[in-house]
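Please read the structure below before turning to the comments.
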Amino acid sequence: MIVMTKKIFCTICLLFVFLFTVNGQKKYEMVIEKTDGSSVTFKADDINKVFFRDLSEQEVGDIHFSTPVVSSITDISAVVKVTVEGSDISNRGICYAKNTNPTIFDKRTDASSNNMTITISGLSSSTTYYVRAYVIANSIIYYSDVVSFTTSAPAFYGTWEGNMYVTSYWNNRYYDASYTLINFDRDPVTYSSGTGYWIDYYSDAPWDYIANHIRWNVRGGNIRVYFVEDDYNVTIYDYRLTNNYFDGYIYTYDDKEVEFHLTKTSSPDWNQYHYGWDYWRGNNAKQGVYEGTHTSSTDANKPLRILRVKE
């Protein structure tokens, strides 16, 4: 007699779990209806054995795994190699998660061969993951040993070009920067901090550009940038990296959140620039402070540099 039926939707299948009572004892059965129309059934007298079946718990079958090897680890991806041997294998692949006991109901990537080389992507940076191989043979799930790996810090190293909404106010007029170049050089020890350059270019101002050396670090998922010559900070929030694009958010001087989009570009000769506001001599083009704080200036020859959305 069926006394309970539970239906669960997952990303790869329609899944049913049935609870039976046979001679007063509970029996569990799980049926996975896959998207290709086929189905797999698992039976056990313990609910945990329906969902979580380790190789050491199997009473039947002859399945052997190599220990998974993880390589080519980046901030968002890794390559997993593992081999499985056995008969009557209907499904195989790897599963991974941030918890220490990944199953096929966590993140999962299937394979078509018993010699598996699988690239997993869409990972979070600076995060530890746990991965193991699985196979389904004779309606039983087998798992390999679990191995762990940690993704690297965000790969925003290099030079980026785009609009960072920089404006300089001088002599009762706003001058909008045409574009900005930002360079992040990685610290070879920590990988989460380093140095670099920030250059704002202007097309209609009395100056061609304003350049600063920067020091940066990743903290709490944000990038904190310190401008060496001008002694102030700006923070990049909720950034994303996809291929050759670097997106994120900054706040304008009036606390408006603005999304920026940068594109990877080649690096110029950084030694060709003069750094700091005092280079400009006659104009003394010192930058103001970002993020809601204006630099008060009693010197009419000292432009105030802010972040704003052009009206």
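Ordered as shown in the structure tokens, chains take letters A, B, and onward, while each chain numbers its residues from 1 and ligands are numbered from 1 in the order shown.
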Subject >> Which of region 44-237 of chain A fall in alpha helix (DSSP H), as a ChimeraX atom specification >> reply: /A:47-51
**OP:** Tell me which protein, DNA and RNA residues are within 12 Å of Val234 (chain A), counting only C-alpha atoms, leaving out same-chain ones fewer than 3 positions away, and put them as a PyMOL selection string.
**Re:** chain A and resi 164+166+198+214-217+222-228+230-231+237+249-253+288-293+306-307
Original post:
Can you tell me, as a PyMOL selection string, what residues are no more than 10 Å from region 122-125 of chain A when counting only C-alpha atoms, ignoring any on the same chain fewer than 3 positions away?
Top reply: chain A and resi 74-78+97+128-129+150-155+221+242
Write out, as a compact mmCIF listing (two decimals), in the first residue's frame, the residues just selected, with N, CA, C and O atoms.
# COMPACT_ATOMS: atom_id res chain seq x y z
N THR A 74 40.86 28.17 -12.45
CA THR A 74 40.84 29.63 -12.59
C THR A 74 39.88 30.19 -11.54
O THR A 74 39.46 29.49 -10.62
N ASP A 75 39.53 31.44 -11.70
CA ASP A 75 38.59 32.05 -10.77
C ASP A 75 37.16 31.59 -11.02
O ASP A 75 36.32 31.67 -10.13
N ILE A 76 36.87 31.06 -12.22
CA ILE A 76 35.49 30.69 -12.54
C ILE A 76 35.35 29.28 -13.09
O ILE A 76 34.24 28.84 -13.40
N SER A 77 36.45 28.53 -13.25
CA SER A 77 36.33 27.21 -13.87
C SER A 77 37.44 26.28 -13.39
O SER A 77 38.41 26.71 -12.76
N ALA A 78 37.28 25.00 -13.71
CA ALA A 78 38.28 23.98 -13.40
C ALA A 78 38.03 22.78 -14.30
O ALA A 78 36.93 22.59 -14.82
N ALA A 97 29.79 20.67 -5.35
CA ALA A 97 29.03 21.58 -4.49
C ALA A 97 30.00 22.26 -3.53
O ALA A 97 31.18 21.90 -3.44
N THR A 128 36.01 27.35 -2.10
CA THR A 128 36.35 25.93 -2.05
C THR A 128 35.15 25.09 -2.51
O THR A 128 34.03 25.28 -2.03
N TYR A 129 35.40 24.18 -3.45
CA TYR A 129 34.38 23.27 -3.95
C TYR A 129 34.81 21.82 -3.69
O TYR A 129 36.00 21.52 -3.60
N THR A 150 40.11 24.90 -4.66
CA THR A 150 39.72 26.29 -4.38
C THR A 150 40.00 27.14 -5.61
O THR A 150 41.12 27.13 -6.15
N THR A 151 39.00 27.86 -6.07
CA THR A 151 39.17 28.74 -7.22
C THR A 151 40.05 29.92 -6.85
O THR A 151 40.17 30.31 -5.69
N SER A 152 40.65 30.51 -7.86
CA SER A 152 41.57 31.62 -7.64
C SER A 152 40.82 32.93 -7.45
O SER A 152 39.59 32.99 -7.60
N ALA A 153 41.55 33.97 -7.13
CA ALA A 153 40.96 35.30 -7.00
C ALA A 153 40.50 35.78 -8.38
O ALA A 153 40.90 35.24 -9.41
N PRO A 154 39.62 36.77 -8.43
CA PRO A 154 39.06 37.25 -9.70
C PRO A 154 40.14 37.64 -10.71
O PRO A 154 41.12 38.27 -10.35
N ALA A 155 39.94 37.23 -11.94
CA ALA A 155 40.94 37.48 -12.98
C ALA A 155 40.66 38.81 -13.68
O ALA A 155 40.41 38.85 -14.88
N GLY A 221 34.05 40.96 -1.42
CA GLY A 221 33.46 40.87 -2.75
C GLY A 221 33.51 42.17 -3.53
O GLY A 221 32.99 42.24 -4.64
N THR A 242 33.17 38.39 -17.55
CA THR A 242 32.78 37.42 -18.57
C THR A 242 33.65 37.65 -19.80
O THR A 242 33.57 38.70 -20.42
Original post:
Could you name the residues that touch Asn244 (chain A) at 9 Å or less, counting only C-alpha atoms, but leaving out those on the same chain fewer than 2 positions away, as a ChimeraX atom specification?
Top reply: /A:160,241-242,246,262-265
Take the residues just selected and output them with C-alpha atoms as a PDB file, in the first residue's frame.
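Final output, out.pdb:
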ATOM      1  CA  TRP A 160      40.429  47.804 -19.151  1.00  0.00           C
ATOM      2  CA  LEU A 241      33.805  39.132 -15.326  1.00  0.00           C
ATOM      3  CA  THR A 242      32.785  37.423 -18.569  1.00  0.00           C
ATOM      4  CA  PHE A 246      34.379  43.713 -16.770  1.00  0.00           C
ATOM      5  CA  LEU A 262      34.717  47.940 -19.417  1.00  0.00           C
ATOM      6  CA  THR A 263      36.406  46.049 -22.224  1.00  0.00           C
ATOM      7  CA  LYS A 264      39.815  44.398 -22.052  1.00  0.00           C
ATOM      8  CA  THR A 265      42.416  46.253 -24.078  1.00  0.00           C
TER       9      THR A 265
END
Original post:
Interatomic distance between CA of Tyr165 (chain A) and CA of Ser126 (chain A)?
Top reply: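 Result for CA of Tyr165 (chain A) versus CA of Ser126 (chain A): 29.2 Å, one decimal.
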Original post:
Which is closer to Asn99 (chain A) than all the others in A:Tyr143, A:Tyr130, A:Phe149, A:Tyr169, using only C-alpha atoms?
Top reply: A:Tyr130
**OP:** Return the single residue from A:Tyr174, A:Tyr134, A:Tyr239, A:Phe184 that is closest to Ser267 (chain A), with distances computed using only C-alpha atoms.
**Re:**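 Of the candidates, the smallest distance to Ser267 (chain A) is held by A:Phe184.
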**OP:** Find the spatial neighbours of Ala133 (chain A), counting only C-alpha atoms, within a cut-off of 12 Å - ignore same-chain residues fewer than 3 positions away - and output them as number ranges by chain.
**Re:** A: 54-55, 63-70, 80-85, 91-96, 101-104, 107-111, 114-118, 130, 136, 141-147
**OP:** Write down as number ranges by chain the residues belonging to region 218-259 of chain A that are assigned strand (DSSP E or B) by DSSP computed on the backbone.
**Re:** A: 218-219, 222-227, 232-242, 245-251, 257-259
Original post:
CA of Val79 (chain A) and CA of Thr119 (chain A) are how many Å apart?
Top reply: 4.4 Å
Original post:
By how many Å are CA of Ser168 (chain A) and CA of Asp204 (chain A) apart?
Top reply: 11.0 Å
Subject >> Nearest-residue call for Asn138 (chain A), choices A:Asn183, A:Ser121, A:Ser87, A:Ser178, using only C-alpha atoms >> reply: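 Smallest distance to Asn138 (chain A) is found for A:Ser87.
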